[in-house]
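Student: Quick one: the structure is below, and I'll ask about it shortly.
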Amino acid sequence: MPLTATTAAPPVNRVGLDRTAMIAVVVCWLFVVFDGYDLIVYGNVIPSLQKEWGISAATAGTLGSLAFLGMMIGAVLAGRLSDVVGRKRAVIGCAIVLSVFTALCALATGPVMFGALRLIAGLGLGGLVPTSNALAAELIPAKWRAAVATMMMSGVPIGGSIAALIGIPVIPNWGWQPMFVFALVPLILLVPIAWKTLPDHTAAVTSTEVRPATGFSALLGTRCRSVSIMFALATMVTLLAWYGLGTWLPKLMQGEGTDLGSALTFALALNLGAVAGSFVTAWGGVRFGTIPTSIVAALLAGLALLTLLTGPPVALIYVIFVLAGVGTHGTQCLIIAAVASYYPDYLRGTALGWALGVGRIGAVAAPQIGGLLLAAGLGADSNFILFGVSALVAALLLTVIWRRFPSPT
């Protein structure tokens, strides 16, 4: 059975959402947009980095994996830290690390320096989503928590769409460096706003209550070990598909004979589909439940990507990538929503950090495996098979969760 939140002190009014809480949720969402920009920007500059530094597809994949490795570490640490020092400090700290070290990537003179900076930036990148979602979840009524958690994640593909839109005119005319300088915008604008508007709160129990087990000892204890592991595994394969596409799609489509501008429009289609998927799956999650809806979304993504093997016309390829965006990102949104609803306040940050942190193994592996497949001469189809099958495996894992563990939504 899901853990109950009866031992956690409610941080805000659970009946309604006041103006202060609404502003804080919007600020958290903007941080997720920033997170999404940084996630996708590397995929847009891979062709430029390969040309300038003469690196192979396998090396480019390794560079992409370094950021995801940092994300894996950052998600686990920041999620746990937010349960201890407070959501506000954790969110702002992650944003500062991400902004500063992403901007410094513009000064990189080679792949080693670039990779080191991306690794450090990944610590903040991985921490922003679980801390922002944990904070937002505590500011909204319980009945809307799953829907808002899902819509919060629309910021990721919106940020990715912004990266693609900016990259189309900027990269051909001014090179890849300005794409990373844009990361200073959140540091200058969002961090001061967040310091003033985000509430100071750490989920805790009152002194008159029996303090429950917290942290990883509770998360991986006998009561919820199985479902915690299943959430992490489902996240792992979902992120492999989503971030694999986000990293390699422009390069894959260039390999199929399109120019950079056209290749970036395919990436834009993927991210616009993911934006739409955030809202469609939010509705589906409320109407049919988060886990059942996530199963359908994962199946949609897997089948769409495998359809690419049939050599469809260009117009249909755009539709396929829209559907892939709806399905892959929508599945991940719903997993986050399910985790945010399943665990009580005092454990929510740790649970989100665990699922996203361990799940980042898929994100770490995706650029590397994709690059190795290309370096082996297996072509774009090998990547589409990898990402499509990963989505289908996610559907299978989520089906197990649905059948074995009661859904709180």
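Quick note on naming: the chains in the structure tokens go A, B, ... in the order shown, residues restart at 1 in each chain, and ligands are numbered from 1 in order of appearance.
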Identify, with DSSP run on backbone atoms, the residues in range 9-76 of chain A assigned to alpha helix (DSSP H), and express the list as a PyMOL selection string.
Tutor: chain A and resi 19-53+57-76
Student: With only C-alpha atoms as the counted atoms, please give the residues lying no more than 10 Å from range 157-166 of chain A, apart from itself and same-chain residues fewer than 3 positions off, as number ranges by chain.
Tutor: A: 30-45, 153-154, 169-171, 178-180, 182, 246, 250, 261, 263-278, 325-326, 329
Student: One number please: CA of Lys196 in chain A to CA of Val26 in chain A, in Å, one decimal.
Tutor: 13.3 Å
Student: Using only C-alpha atoms, tabulate the residues of range 111-203 of chain A lying at most 12 Å from any atom of range 358-370 of chain A, each with its closest atom pair and that distance in Å to one decimal, by chain and increasing residue number, as a Markdown table.
Tutor:
| residue | atom | partner | partner_atom | distance |
| --- | --- | --- | --- | --- |
| A:Leu119 | CA | A:Val364 | CA | 11.0 |
| A:Gly122 | CA | A:Val364 | CA | 10.8 |
| A:Leu123 | CA | A:Arg360 | CA | 11.7 |
| A:Leu125 | CA | A:Arg360 | CA | 11.3 |
| A:Gly126 | CA | A:Arg360 | CA | 8.4 |
| A:Gly127 | CA | A:Arg360 | CA | 11.4 |
Student: If you count only C-alpha atoms, which residues fall within 9 Å of range 302-309 of chain A, apart from same-chain ones fewer than 2 positions away, as JSON, numbers by chain?
Tutor: {"A": [241, 297, 298, 299, 300, 311, 312, 317, 319, 320, 321, 323, 324, 327, 328, 381, 384, 385, 387, 388, 389, 390, 391, 392, 393, 395]}
Student: For range 128-132 of chain A, please output as a ChimeraX atom specification all residues within 10 Å (counting only C-alpha atoms; exclusion window: fewer than 5 positions along the same chain).
Tutor: /A:24-25,27-36,71,74-76,78-83,86-95,98,122-123,137,149,152-153,155-156,336,340,348-357
Student: Using only C-alpha atoms, which of the listed residues (A:Tyr243, A:Phe405, A:Phe101, A:Trp283) sits closest to Val227 in chain A?
Tutor: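 Checking each candidate against Val227 in chain A, we get A:Phe405 as the closest.
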